[in-house]
Amino acid sequence: MQPIRPAPDTSHLLVTLELSPTGLRVLGVQTVAQPLPRLRVPEPGRWHLAFRDAANQVIHAHDMAPANERRSETTGPDGRISPSHETLDTTVFVARLPVTAGTLTLTADSVAGLDATPVELGHVAVTP
Amino acid sequence: MSAVGALSLLLALGANEVEVLRDGGSPSNRIDVVILGDGYRTQDQAQLTSDATNVVNQLFAATPWKEYESLFNVSLVHVVSNENGADNGTYGATRDTALGAYYNCSGIDRALCINYGLVYSAANAAVPTYDFIVVVVNDPKYGGTGGSVATLSIHSLAPEILIHEMGHTIGKLADEYTDAYPAYPSCSGDCPEANATLNATATVKWSKWVDATTPVPTPTGSGYSAKVGVFEGCRYKTTGVYRPFEHNCRMDILGVPFCSVCSEGQVLKFANLVSFFDSHTPAGPTAVSACAQATFSVTPLVLDGSPLAYAWTVNGVAQSAGTSLTVDATSNLTVTVAATHTTALVRNDPSKLLTDTLTFPLVTSTPCDGNCVAGACVPVVWANVANVVVEATGPTGAVASFAPTATQGATALTVTCVPASGSTFGVSATPVTCTAAGGSTRTFSVTVSDTGAPTLTLPANQTAEATSGSGAAVTFTASASDLVDGARVVTCTPASGATFPVGTTTVSCRASDTHSNMATGSFTVTVQDTMAPTLMLPADKSVDVMGPAGVVVTFVVSATDTVDGSVAVTCSKTAGQTFAVGTTTVTCTATDAHSNVASGTFKVTVRDTTAPTIVLPADVTVEATSSAGAVATFTVTATDAAHAPVAVTCVPASGSTFSLGVTHVSCTAGTSTSELLVTVRDTTAPVVTCPANVAALETGAMTNVSFAGAVAVDAVTAATVTYSPASGSAFARGVTHVTVTATDVAGNSATCDFVVDVEDHLVTFDAGTGAASDGGTAIRPDAGVVGRCGCTESTNGSLGLWALVAMALVIRSRSRAKQG
């Protein structure tokens, strides 16, 4: 049974981020007039976002698929998929966060497996 | 659409305007997909609408997207480019497009990439509520990519790329092909994707889709291509990772449907992205006055075209209702509604994503301690409402009974309690809410306690044999069972498997249950040393004697004990002692510190293997003393290496009478035999005694004279006597010597002689004086020549006894002997 649902947020932050070899960078922050999307059951992903407030308390966290992976999967000559995978040095992705100032930290699982100790890819300050 | 139509559309929409292609509902409770066009000039915008619609139609023609289309909003952003196409595409190497689409991305000709920054910028500006972004590129060349943004060209096969990529992006599905993806993380525990697993057993996570007749793991090429199985090879690996379909799923091959496992996985992801309630009333905690009516309602989501099933409860009591429920606010209430979706596409829902539950707290400002009747509070009198405490009787707790009653005025009200009396309550305090007809409630608790300690089962006192000086490792099994918790861990000190010293050790054990009840117990482990040391004795040995006393024999003995290590050994004979000839049994013993005695023996045999040496005298020669021979004596001795007296036996023995001749005497000492010759000989001549001299008167020229025989005696044999001349022979006048010869069998001979004196007259012999005379002439006895008389001679050749004869003769004796 779910807990009592909080009064729905009226808006959330849409933060556009760039991950590059130099770290994480905020490209843009905008407020979206819609409650912060939530999954009913958290799903695991190899990237982990943690959003901490000024007191360093995690006020929002979720996992996501690595945004620096790009797949080229087209039909091969025999009808089978002809795949190619690429890990981007620099990529752009978005995160949806509560409307508050804080610090967003991105960590990633190592390639050793999902239960490996995540490594930090970067962190940025987010201001509404 | 004509050019005029397209322009009209653009004018209607404006650059970067948003066109809704699917309107499922409020973006706050829908899955929002935004499609951006790139390579579409102003005049191409109508084409964009057509292309995007085609893509969306194809997407929602695929199961399970088809069934859940109502969950999606699809918006199309009319991004206007200066040129059509994409770099390296149909229209040239360099194209000026709004989102920077280009083929040959990272050297892959069909990889169609875009500028993520531009894409997000456009999407954020136009449809900031999006969940997923798709970019349709206006280029006929086949291509596309997947990732945080999906791209596809307008090639007829390109939508298949999108559908596959959506399987990744929304459905979180794995690629089922096995082409290598270096450095891609391996599955840990099990793969997170619905369609990949490390578990190739009957418990595989999609087991509900696997027929009982399908083997697991499932062989390929064996007639299972149309069935769900567990096929090896998935997620970029050829071994160790398994997929549900042989080769006919869209996550493996483009252009075929999703397999049932992949469809199920996507349905559950869809469900996880939305609430099953589009809205509900009240929106949050609600306060009402006592006995006021409160109505709760939900606006359900439409899933797969089938209605949801609702289950309402008020304070845990099930209520019969549809999308709304009205209750009397007798007190603070908790109202819940659970909406459940049922679909044939899902057989396994471990996270219960197909059920969504809402809770409505209702706070009553002045609770009515009774029933609400026509909006007024009528008191209800309760009885038998008290907390109940019972002891647990099993893992599930205990059955508790209670019987609260409620009356309203004189009317007894039906009371329904949740949980009901007679239910089994877990080990804890469980609130029980009893509701009387009309709604009055009472709450009390049923506490099932667990005060019983586990039952400890310990082994009996144990005895073990020491295996070393440290003692022995002893294992044992101790168990504990608790009425509530079942089997419990038992902790023993020392632990099973520990090395216990020699002696008796008390093992203390304890077990506790989850409610801090502890049982303790103990038993003893006695490690004893009953094993005798191990004696190491030499094998029986044989040695040759070295002297009269025997021989000095050395040997080594030792003993070891598992507990004490080396142990002293005592033997009946010590090494270096002299062992006599023969077999000596040496008995050895060793005693360890715990009085365990080991004993053993070995034999030492001192051999005398040299035959005695027989010492013989020189061959013995003796003179026969009789016809039987003679007694011969000799001494024979024997010695051997041990210089011990050795008896010698000779046959015939010394002192025996040996017959004439050579006798072989055989002497034996031990195994030695030697021979001695004893010779008995006869070398003694007979003794012959001549007859007396004979005087005879001449009777003629020759006178025949006879004389008496001589006497011959031999100790051994008879003797033969011969005369020369023989008796009766004719003798001339004068003295004639007659030689008598006696010869024994051995040839020994002896002689004597006498004379025959033939005379013409006789000589007078005075016997008294010994004087003889022949007519007055004296005759000397030693004249050598006897004149006219004979005489006898002694047998020993000496002038001995004179035999008196009746005749007066001058006797001259002569002794002669001759050996034969």
# chains A, B, ... in the order shown; residues from 1 in each chain; ligands from 1
call {"tool": "residues_around", "arguments": {"residues": "Thr105 (chain A)", "least_positions_apart": "2", "cutoff": "6 Å", "atoms": "only C-alpha atoms", "output": "PDB file with C-alpha atoms, in the first residue's frame"}}
result
ATOM      1  CA  LEU A  49      21.376  10.987  -9.732  1.00  0.00           C
ATOM      2  CA  ALA A  50      21.246  12.369  -6.221  1.00  0.00           C
ATOM      3  CA  GLY A 122      30.513  14.931 -11.602  1.00  0.00           C
ATOM      4  CA  HIS A 123      28.370  17.215  -9.548  1.00  0.00           C
TER       5      HIS A 123
END
call {"tool": "residues_around", "arguments": {"residues": "Pro257 (chain B)", "least_positions_apart": "4", "cutoff": "8 Å", "atoms": "only C-alpha atoms", "output": "MDAnalysis selection string"}}
result
chainID B and resid 62:63 248:250
call {"tool": "closest_atom_pairs", "arguments": {"of": "chain B", "to": "chain A", "cutoff": "7 Å", "atoms": "only C-alpha atoms", "output": "CSV"}}
result
residue,atom,partner,partner_atom,distance
B:Ser28,CA,A:Gln34,CA,6.3
B:Ala111,CA,A:Ser72,CA,5.4
B:Tyr116,CA,A:Val92,CA,5.7
B:Gly117,CA,A:Val92,CA,5.9
B:Pro128,CA,A:Val32,CA,6.4
B:Thr129,CA,A:Val32,CA,7.0
B:Gly143,CA,A:Thr74,CA,6.8
B:Gly144,CA,A:Ser72,CA,6.5
B:Thr145,CA,A:Ser72,CA,4.6
B:Gly146,CA,A:Arg71,CA,4.9
B:Gly147,CA,A:Arg70,CA,4.8
B:Ser148,CA,A:Ala67,CA,5.4
B:Ile161,CA,A:Thr74,CA,6.4
B:Tyr181,CA,A:His85,CA,6.9
B:Ala183,CA,A:Val111,CA,6.1
B:Tyr184,CA,A:Val111,CA,6.1
B:Pro185,CA,A:Val111,CA,4.4
B:Ser186,CA,A:Gly113,CA,5.3
B:Cys187,CA,A:Gly113,CA,6.2
B:Ser188,CA,A:Gly113,CA,5.7
B:Asp252,CA,A:Ile81,CA,6.7
B:Ile253,CA,A:Arg80,CA,5.0
B:Leu254,CA,A:Thr75,CA,6.4
B:Asn272,CA,A:Arg40,CA,5.3
B:Leu273,CA,A:Leu39,CA,5.3
B:Gly284,CA,A:Ala7,CA,6.3
B:Thr357,CA,A:Met1,CA,5.8
B:Leu358,CA,A:Gln2,CA,6.6
B:Thr359,CA,A:Ile4,CA,5.4
B:Phe360,CA,A:Ile4,CA,6.8
call {"tool": "write_last_selection", "arguments": {"atoms": "C-alpha atoms", "output": "PDB file, in the first residue's frame"}}
result
ATOM      1  CA  SER B  28       1.073  14.375 -15.591  1.00  0.00           C
ATOM      2  CA  ALA B 111      24.319   5.596 -37.734  1.00  0.00           C
ATOM      3  CA  TYR B 116      21.841  16.431 -28.496  1.00  0.00           C
ATOM      4  CA  GLY B 117      22.128  19.969 -27.220  1.00  0.00           C
ATOM      5  CA  PRO B 128       8.969  20.315 -21.580  1.00  0.00           C
ATOM      6  CA  THR B 129       6.819  17.562 -20.144  1.00  0.00           C
ATOM      7  CA  GLY B 143      19.499   4.814 -40.651  1.00  0.00           C
ATOM      8  CA  GLY B 144      18.899   5.591 -37.029  1.00  0.00           C
ATOM      9  CA  THR B 145      20.318   5.354 -33.532  1.00  0.00           C
ATOM     10  CA  GLY B 146      19.160   4.708 -30.027  1.00  0.00           C
ATOM     11  CA  GLY B 147      20.114   6.107 -26.677  1.00  0.00           C
ATOM     12  CA  SER B 148      18.796   8.974 -24.659  1.00  0.00           C
ATOM     13  CA  ILE B 161      14.713   0.753 -35.546  1.00  0.00           C
ATOM     14  CA  TYR B 181      29.872  -5.255 -26.802  1.00  0.00           C
ATOM     15  CA  ALA B 183      33.243  -3.387 -21.619  1.00  0.00           C
ATOM     16  CA  TYR B 184      29.488  -3.682 -21.302  1.00  0.00           C
ATOM     17  CA  PRO B 185      28.707  -4.495 -17.678  1.00  0.00           C
ATOM     18  CA  SER B 186      28.018  -8.126 -16.976  1.00  0.00           C
ATOM     19  CA  CYS B 187      24.935  -9.206 -15.136  1.00  0.00           C
ATOM     20  CA  SER B 188      25.417  -9.445 -11.412  1.00  0.00           C
ATOM     21  CA  ASP B 252      17.031  -9.929 -31.680  1.00  0.00           C
ATOM     22  CA  ILE B 253      15.765  -9.378 -35.210  1.00  0.00           C
ATOM     23  CA  LEU B 254      14.104  -6.296 -36.632  1.00  0.00           C
ATOM     24  CA  ASN B 272       5.272   1.857 -13.606  1.00  0.00           C
ATOM     25  CA  LEU B 273       5.239   5.203 -15.390  1.00  0.00           C
ATOM     26  CA  GLY B 284      -5.495  14.888   0.133  1.00  0.00           C
ATOM     27  CA  THR B 357      -3.514   1.672  -4.270  1.00  0.00           C
ATOM     28  CA  LEU B 358      -4.637   5.011  -2.934  1.00  0.00           C
ATOM     29  CA  THR B 359      -5.113   5.894   0.702  1.00  0.00           C
ATOM     30  CA  PHE B 360      -7.452   8.583   1.896  1.00  0.00           C
TER      31      PHE B 360
END
call {"tool": "atom_distance", "arguments": {"atom1": "CA of His78 (chain B)", "atom2": "CA of Leu36 (chain B)"}}
result
6.5 Å
call {"tool": "residues_around", "arguments": {"residues": "Phe425 (chain B)", "least_positions_apart": "5", "cutoff": "9 Å", "atoms": "only C-alpha atoms", "output": "number ranges by chain"}}
result
B: 392, 396-400, 419, 430, 446-448
call {"tool": "atom_distance", "arguments": {"atom1": "CA of Pro533 (chain B)", "atom2": "CA of Val567 (chain B)"}}
result
7.3 Å
call {"tool": "atom_distance", "arguments": {"atom1": "CA of Thr169 (chain B)", "atom2": "CA of Gln266 (chain B)"}}
result
9.9 Å
call {"tool": "select_by_dssp", "arguments": {"residues": "region 1-55 of chain A", "states": "strand (DSSP E)", "output": "ChimeraX atom specification"}}
result
/A:12-20,23-32,47-52
call {"tool": "select_by_dssp", "arguments": {"residues": "region 133-176 of chain B", "states": "helix (DSSP H, G or I)", "output": "PDB file with N, CA and C atoms, in the first residue's frame"}}
result
ATOM      1  N   ALA B 158      12.978   2.163 -41.308  1.00  0.00           N
ATOM      2  CA  ALA B 158      13.478   2.871 -40.133  1.00  0.00           C
ATOM      3  C   ALA B 158      12.569   2.775 -38.918  1.00  0.00           C
ATOM      4  N   PRO B 159      11.245   2.756 -39.079  1.00  0.00           N
ATOM      5  CA  PRO B 159      10.406   2.628 -37.865  1.00  0.00           C
ATOM      6  C   PRO B 159      10.735   1.386 -37.041  1.00  0.00           C
ATOM      7  N   GLU B 160      11.203   0.337 -37.698  1.00  0.00           N
ATOM      8  CA  GLU B 160      11.589  -0.856 -36.928  1.00  0.00           C
ATOM      9  C   GLU B 160      12.742  -0.534 -35.977  1.00  0.00           C
ATOM     10  N   ILE B 161      13.626   0.339 -36.436  1.00  0.00           N
ATOM     11  CA  ILE B 161      14.713   0.753 -35.546  1.00  0.00           C
ATOM     12  C   ILE B 161      14.123   1.426 -34.313  1.00  0.00           C
ATOM     13  N   LEU B 162      13.147   2.301 -34.543  1.00  0.00           N
ATOM     14  CA  LEU B 162      12.550   3.037 -33.423  1.00  0.00           C
ATOM     15  C   LEU B 162      11.871   2.084 -32.436  1.00  0.00           C
ATOM     16  N   ILE B 163      11.113   1.135 -32.999  1.00  0.00           N
ATOM     17  CA  ILE B 163      10.386   0.226 -32.100  1.00  0.00           C
ATOM     18  C   ILE B 163      11.382  -0.585 -31.253  1.00  0.00           C
ATOM     19  N   HIS B 164      12.428  -1.036 -31.910  1.00  0.00           N
ATOM     20  CA  HIS B 164      13.465  -1.771 -31.166  1.00  0.00           C
ATOM     21  C   HIS B 164      14.083  -0.877 -30.083  1.00  0.00           C
ATOM     22  N   GLU B 165      14.402   0.360 -30.461  1.00  0.00           N
ATOM     23  CA  GLU B 165      15.039   1.254 -29.488  1.00  0.00           C
ATOM     24  C   GLU B 165      14.096   1.587 -28.348  1.00  0.00           C
ATOM     25  N   MET B 166      12.799   1.677 -28.620  1.00  0.00           N
ATOM     26  CA  MET B 166      11.845   1.913 -27.547  1.00  0.00           C
ATOM     27  C   MET B 166      11.809   0.719 -26.590  1.00  0.00           C
ATOM     28  N   GLY B 167      12.066  -0.477 -27.146  1.00  0.00           N
ATOM     29  CA  GLY B 167      12.179  -1.640 -26.267  1.00  0.00           C
ATOM     30  C   GLY B 167      13.284  -1.451 -25.252  1.00  0.00           C
ATOM     31  N   HIS B 168      14.378  -0.811 -25.690  1.00  0.00           N
ATOM     32  CA  HIS B 168      15.447  -0.479 -24.749  1.00  0.00           C
ATOM     33  C   HIS B 168      15.029   0.650 -23.820  1.00  0.00           C
ATOM     34  N   THR B 169      14.583   1.748 -24.434  1.00  0.00           N
ATOM     35  CA  THR B 169      14.460   2.996 -23.694  1.00  0.00           C
ATOM     36  C   THR B 169      13.309   2.955 -22.687  1.00  0.00           C
TER      37      THR B 169
END
call {"tool": "closest_residue", "arguments": {"among": "B:Ala718, B:Val705, B:Ser522, B:Leu353", "to": "Glu759 (chain B)", "atoms": "only C-alpha atoms"}}
result
B:Val705
